[in-house]
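*Asks:* Here you go, my_file_36.txt (compact mmCIF, C-alpha atoms):
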# COMPACT_ATOMS: atom_id res chain seq x y z
CA MET A 1 -4.96 -25.17 12.72
CA THR A 2 -4.18 -21.97 10.84
CA ILE A 3 -4.09 -22.47 7.08
CA LEU A 4 -2.75 -19.90 4.64
CA ILE A 5 -4.04 -19.92 1.08
CA THR A 6 -1.80 -17.91 -1.18
CA GLY A 7 -0.58 -17.48 -4.74
CA PRO A 8 -0.58 -15.04 -7.64
CA GLU A 9 -3.54 -12.89 -8.56
CA SER A 10 -6.56 -14.70 -10.01
CA SER A 11 -5.34 -18.13 -8.90
CA GLY A 12 -8.47 -18.96 -6.89
CA LYS A 13 -7.24 -18.06 -3.40
CA THR A 14 -10.38 -16.42 -2.09
CA THR A 15 -12.76 -19.02 -3.48
CA LEU A 16 -10.63 -21.85 -2.12
CA ALA A 17 -10.22 -20.23 1.31
CA ARG A 18 -13.97 -19.71 1.62
CA ASN A 19 -14.76 -23.23 0.43
CA VAL A 20 -12.27 -24.87 2.79
CA ALA A 21 -13.54 -22.76 5.69
CA TRP A 22 -17.08 -23.83 4.90
CA ALA A 23 -16.13 -27.52 4.48
CA LEU A 24 -14.25 -27.57 7.79
CA ASP A 25 -16.68 -25.30 9.65
CA GLY A 26 -13.73 -22.96 10.04
CA TYR A 27 -13.20 -19.24 10.27
CA PHE A 28 -12.48 -17.35 7.04
CA VAL A 29 -10.07 -14.39 7.26
CA ALA A 30 -10.55 -12.13 4.25
CA GLU A 31 -7.72 -10.33 2.49
CA ALA A 32 -7.43 -6.99 4.32
CA ALA A 33 -5.84 -5.33 1.29
CA ARG A 34 -9.11 -5.46 -0.66
CA ASP A 35 -11.05 -3.28 1.77
CA TYR A 36 -8.09 -0.96 2.25
CA LEU A 37 -7.58 -0.48 -1.49
CA ASN A 38 -11.29 -0.19 -2.25
CA GLU A 39 -11.49 2.70 0.23
CA ARG A 40 -8.70 4.41 -1.72
CA ALA A 41 -9.92 3.67 -5.25
CA GLY A 42 -6.99 1.27 -5.71
CA GLU A 43 -4.36 3.94 -5.04
CA TYR A 44 -1.48 3.10 -2.70
CA THR A 45 2.20 3.70 -2.06
CA LEU A 46 4.97 1.68 -0.46
CA THR A 47 4.14 3.24 2.92
CA ASP A 48 0.63 1.75 2.78
CA LEU A 49 1.90 -1.83 2.72
CA PRO A 50 2.86 -2.11 6.43
CA ILE A 51 -0.56 -0.65 7.28
CA ILE A 52 -2.24 -3.31 5.14
CA TRP A 53 -0.14 -6.03 6.80
CA ALA A 54 -1.06 -4.72 10.27
CA LYS A 55 -4.76 -4.91 9.32
CA GLN A 56 -4.28 -8.47 8.09
CA GLN A 57 -2.55 -9.41 11.35
CA GLU A 58 -5.40 -7.87 13.36
CA ALA A 59 -7.95 -9.91 11.41
CA GLU A 60 -5.93 -13.10 11.92
CA ALA A 61 -5.57 -12.40 15.66
CA ALA A 62 -9.32 -11.85 15.95
CA ALA A 63 -9.90 -15.17 14.20
CA ARG A 64 -7.51 -16.99 16.55
CA ALA A 65 -9.33 -15.45 19.52
CA THR A 66 -12.53 -17.24 18.45
CA SER A 67 -10.92 -20.62 19.24
CA ALA A 68 -12.13 -21.95 15.89
CA SER A 69 -10.58 -25.31 15.07
CA PHE A 70 -9.63 -24.13 11.58
CA ILE A 71 -8.66 -20.64 10.49
CA LEU A 72 -8.39 -20.04 6.75
CA CYS A 73 -6.35 -16.99 5.79
CA ASP A 74 -6.87 -15.56 2.32
CA THR A 75 -3.28 -14.30 1.83
CA GLY A 76 -0.37 -13.56 4.11
CA PRO A 77 2.75 -11.40 4.23
CA GLU A 78 4.31 -13.09 1.20
CA VAL A 79 1.60 -11.59 -1.03
CA ILE A 80 2.45 -8.10 0.20
CA ARG A 81 6.17 -8.82 -0.19
CA VAL A 82 5.87 -10.01 -3.79
CA TRP A 83 3.51 -7.15 -4.55
CA ALA A 84 6.03 -4.64 -3.11
CA GLU A 85 8.95 -6.16 -5.02
CA VAL A 86 7.08 -6.08 -8.32
CA LYS A 87 5.51 -2.64 -8.00
CA PHE A 88 8.19 -0.76 -6.06
CA GLY A 89 11.36 -2.84 -6.45
CA THR A 90 11.76 -3.02 -2.67
CA CYS A 91 9.88 -4.19 0.40
CA PRO A 92 9.35 -2.62 3.85
CA ALA A 93 11.32 -4.22 6.67
CA GLU A 94 8.16 -5.17 8.59
CA ILE A 95 6.97 -7.29 5.69
CA LEU A 96 10.39 -8.89 5.20
CA ARG A 97 10.41 -9.88 8.88
CA ALA A 98 6.90 -11.31 8.63
CA THR A 99 7.85 -13.50 5.67
CA SER A 100 10.98 -14.80 7.40
CA HIS A 101 8.97 -16.87 9.88
CA SER A 102 5.68 -18.62 9.26
CA ALA A 103 2.76 -18.36 11.67
CA TYR A 104 0.79 -20.90 9.62
CA ASP A 105 0.45 -24.64 10.22
CA LEU A 106 -0.24 -25.40 6.56
CA ILE A 107 0.26 -23.31 3.42
CA LEU A 108 -1.65 -24.02 0.22
CA LEU A 109 -0.01 -22.36 -2.78
CA CYS A 110 -2.41 -21.95 -5.71
CA THR A 111 -1.03 -22.25 -9.21
CA PRO A 112 -2.08 -19.63 -11.78
CA ASP A 113 -3.66 -22.26 -14.03
CA LEU A 114 -7.17 -20.81 -13.83
CA PRO A 115 -8.40 -18.27 -16.37
CA TRP A 116 -7.60 -14.65 -15.56
CA VAL A 117 -10.64 -12.87 -14.10
CA PRO A 118 -10.49 -9.07 -14.51
CA ASP A 119 -10.74 -7.07 -11.30
CA PRO A 120 -10.01 -3.35 -10.80
CA LEU A 121 -7.46 -4.19 -8.08
CA ARG A 122 -5.47 -6.73 -10.11
CA GLU A 123 -2.21 -5.64 -11.72
CA THR A 124 -0.52 -8.61 -13.46
CA PRO A 125 -2.73 -10.17 -16.15
CA ALA A 126 -0.02 -11.56 -18.46
CA PRO A 127 0.25 -15.39 -18.17
CA GLU A 128 4.06 -15.33 -18.11
CA GLN A 129 3.98 -12.79 -15.26
CA ARG A 130 1.60 -14.97 -13.25
CA GLN A 131 3.88 -17.99 -13.61
CA HIS A 132 6.93 -15.93 -12.64
CA LEU A 133 5.10 -14.71 -9.53
CA PHE A 134 4.11 -18.29 -8.66
CA GLU A 135 7.78 -19.29 -8.75
CA ARG A 136 8.64 -16.35 -6.49
CA TYR A 137 6.03 -17.53 -3.96
CA ARG A 138 7.48 -21.02 -4.10
CA GLU A 139 10.93 -19.58 -3.29
CA LEU A 140 9.64 -17.57 -0.32
CA LEU A 141 7.40 -20.14 1.36
CA PRO A 142 8.74 -22.81 3.75
CA ALA A 143 8.80 -26.04 1.74
CA GLU A 144 8.02 -28.21 4.77
CA LYS A 145 4.65 -26.48 5.28
CA THR A 146 3.69 -25.75 1.67
CA GLN A 147 1.53 -27.83 -0.67
CA VAL A 148 0.78 -26.80 -4.25
CA ILE A 149 -2.85 -26.71 -5.36
CA SER A 150 -3.64 -26.85 -9.07
CA GLY A 151 -6.35 -27.86 -11.51
CA THR A 152 -10.06 -27.75 -11.00
CA ALA A 153 -10.41 -30.13 -8.03
CA ARG A 154 -8.85 -27.62 -5.65
CA LEU A 155 -11.19 -28.14 -2.72
CA ALA A 156 -10.64 -31.92 -2.71
CA ALA A 157 -6.86 -31.42 -2.91
CA ALA A 158 -6.91 -28.84 -0.12
CA LEU A 159 -8.94 -31.10 2.17
CA HIS A 160 -6.57 -33.96 1.42
CA PHE A 161 -3.59 -31.83 2.48
CA VAL A 162 -5.43 -30.76 5.64
CA ASP A 163 -6.02 -34.44 6.46
CA LEU A 164 -2.34 -35.23 5.88
CA ALA A 165 -1.26 -32.33 8.11
CA LEU A 166 -3.62 -33.44 10.87
CA ALA A 167 -2.36 -37.03 10.64
CA ALA A 168 1.26 -35.85 10.84
CA ASP A 169 0.63 -33.70 13.92
CA PRO A 170 1.40 -35.82 17.02
So that I can check it, write out the structure of this file as structure tokens.
*Replies:*
Amino acid sequence: MTILITGPESSGKTTLARNVAWALDGYFVAEAARDYLNERAGEYTLTDLPIIWAKQQEAEAAARATSASFILCDTGPEVIRVWAEVKFGTCPAEILRATSHSAYDLILLCTPDLPWVPDPLRETPAPEQRQHLFERYRELLPAEKTQVISGTARLAAALHFVDLALAADP
């Protein structure tokens, strides 16, 4: 089962993805953009986004090759799409294609109801911006695969949704 954990900046994606991977003895796929941007002191252009997505896809493919029962992906193409739309007002075609079909069995969308944690790579600290971005994610993600995670009991909620998805899979 490949599980995507996504949402606006500082909504607990990485922590939740790591915790779910640990709880399920799964494989954690880190957000490729972090390493890419750290190597460039946070500087990037629109042309960097397909490169970042390709690196994310490579990491996900490597995880799938391990035959792990659970693969937890800390972000997917929708993050890059929203990021591109906000920062550049447009999105590369490769990213648009990637968001048009989901390669994930379950998507956990984190609400931005956690306190903002400063990070040199984060760009949208205003609470109203975070909520707007959350709504954009909700519009982009396939409703039939997406569950919203909120509050402080995120790990319990995530594991509950994994159990439901497993029970629904014939």
*Asks:* What does the distance from atom CA of A:Leu106 to atom CA of A:Gln147 come to in Å, to one decimal?
*Replies:*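 Separation of atom CA of A:Leu106 and atom CA of A:Gln147: 7.8 Å.
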*Asks:* Hey, which bits of stretch 60-140 of chain A sit within 12 Å of stretch 43-50 of chain A, and for each residue what's the closest pair of atoms and how far apart in Å (one decimal), counting only C-alpha atoms, rows by chain and increasing number, as JSON lines?
*Replies:*
{"residue": "A:Pro77", "atom": "CA", "partner": "A:Pro50", "partner_atom": "CA", "distance": 9.5}
{"residue": "A:Glu78", "atom": "CA", "partner": "A:Leu49", "partner_atom": "CA", "distance": 11.6}
{"residue": "A:Val79", "atom": "CA", "partner": "A:Leu49", "partner_atom": "CA", "distance": 10.5}
{"residue": "A:Ile80", "atom": "CA", "partner": "A:Leu49", "partner_atom": "CA", "distance": 6.8}
{"residue": "A:Arg81", "atom": "CA", "partner": "A:Leu49", "partner_atom": "CA", "distance": 8.7}
{"residue": "A:Val82", "atom": "CA", "partner": "A:Leu49", "partner_atom": "CA", "distance": 11.2}
{"residue": "A:Trp83", "atom": "CA", "partner": "A:Leu49", "partner_atom": "CA", "distance": 9.2}
{"residue": "A:Ala84", "atom": "CA", "partner": "A:Leu46", "partner_atom": "CA", "distance": 6.9}
{"residue": "A:Glu85", "atom": "CA", "partner": "A:Leu46", "partner_atom": "CA", "distance": 9.9}
{"residue": "A:Val86", "atom": "CA", "partner": "A:Leu46", "partner_atom": "CA", "distance": 11.2}
{"residue": "A:Lys87", "atom": "CA", "partner": "A:Leu46", "partner_atom": "CA", "distance": 8.7}
{"residue": "A:Phe88", "atom": "CA", "partner": "A:Leu46", "partner_atom": "CA", "distance": 6.9}
{"residue": "A:Gly89", "atom": "CA", "partner": "A:Leu46", "partner_atom": "CA", "distance": 9.9}
{"residue": "A:Thr90", "atom": "CA", "partner": "A:Leu46", "partner_atom": "CA", "distance": 8.5}
{"residue": "A:Cys91", "atom": "CA", "partner": "A:Leu46", "partner_atom": "CA", "distance": 7.7}
{"residue": "A:Pro92", "atom": "CA", "partner": "A:Pro50", "partner_atom": "CA", "distance": 7.0}
{"residue": "A:Ala93", "atom": "CA", "partner": "A:Pro50", "partner_atom": "CA", "distance": 8.7}
{"residue": "A:Glu94", "atom": "CA", "partner": "A:Pro50", "partner_atom": "CA", "distance": 6.5}
{"residue": "A:Ile95", "atom": "CA", "partner": "A:Pro50", "partner_atom": "CA", "distance": 6.7}
{"residue": "A:Leu96", "atom": "CA", "partner": "A:Pro50", "partner_atom": "CA", "distance": 10.2}
{"residue": "A:Arg97", "atom": "CA", "partner": "A:Pro50", "partner_atom": "CA", "distance": 11.1}
{"residue": "A:Ala98", "atom": "CA", "partner": "A:Pro50", "partner_atom": "CA", "distance": 10.3}
{"residue": "A:Pro120", "atom": "CA", "partner": "A:Glu43", "partner_atom": "CA", "distance": 10.9}
{"residue": "A:Leu121", "atom": "CA", "partner": "A:Glu43", "partner_atom": "CA", "distance": 9.2}
{"residue": "A:Arg122", "atom": "CA", "partner": "A:Glu43", "partner_atom": "CA", "distance": 11.9}
{"residue": "A:Glu123", "atom": "CA", "partner": "A:Glu43", "partner_atom": "CA", "distance": 11.9}
*Asks:* Which residues, written as a ChimeraX atom specification, have at least one atom at most 8 Å from A:Thr111, with all atoms listed in the file counted and residues fewer than 4 positions away on the same chain left out?
*Replies:* /A:7-8,11,131,134,148-150
*Asks:* Counting all atoms listed in the file, which residue out of A:Ile71, A:Ala32, A:Asp113, A:Leu166 sits closest to A:Arg18?
*Replies:* A:Ile71
*Asks:* Go through A:Thr2, A:Arg130, A:Gly76, A:Leu140 one by one, measure the shortest atom-to-atom distance of each to A:Ala33 using all atoms listed in the file, and give the residue with the smallest value.
*Replies:*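 Ranked by minimum distance to A:Ala33, first place goes to A:Gly76.
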*Asks:* Considering all atoms listed in the file, state which residue in the set A:Ser69, A:Asn38, A:Gln129, A:Thr99 is at the smallest distance from A:Ser10.
*Replies:*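 Comparing A:Ser69, A:Asn38, A:Gln129, A:Thr99 against A:Ser10, the winner is A:Gln129.
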*Asks:* So the first atom is atom CA of A:Ser102 and the second is atom CA of A:Gln56; what is the distance between them in Å, to one decimal place?
*Replies:*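 Interatomic distance, atom CA of A:Ser102 to atom CA of A:Gln56: 14.3 Å.
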*Asks:* Show me a table, sorted first by chain and then by increasing residue number, of the residues of stretch 49-138 of chain A having an atom at most 12 Å from stretch 155-163 of chain A, each with its shortest atom pair and the distance in Å to one decimal, counting only C-alpha atoms and written as CSV.
*Replies:*
residue,atom,partner,partner_atom,distance
A:Phe70,CA,A:Val162,CA,9.8
A:Ile71,CA,A:Val162,CA,11.7
A:Leu72,CA,A:Val162,CA,11.2
A:Asp105,CA,A:Val162,CA,9.6
A:Leu106,CA,A:Val162,CA,7.5
A:Ile107,CA,A:Phe161,CA,9.4
A:Leu108,CA,A:Ala158,CA,7.1
A:Leu109,CA,A:Ala158,CA,9.8
A:Cys110,CA,A:Ala158,CA,9.9
*Asks:* I'd like the interatomic distance between atom CA of A:Ala165 and atom CA of A:Lys145, to a tenth of an Å.
*Replies:*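 So the two atoms, atom CA of A:Ala165 and atom CA of A:Lys145, lie 8.8 Å apart.
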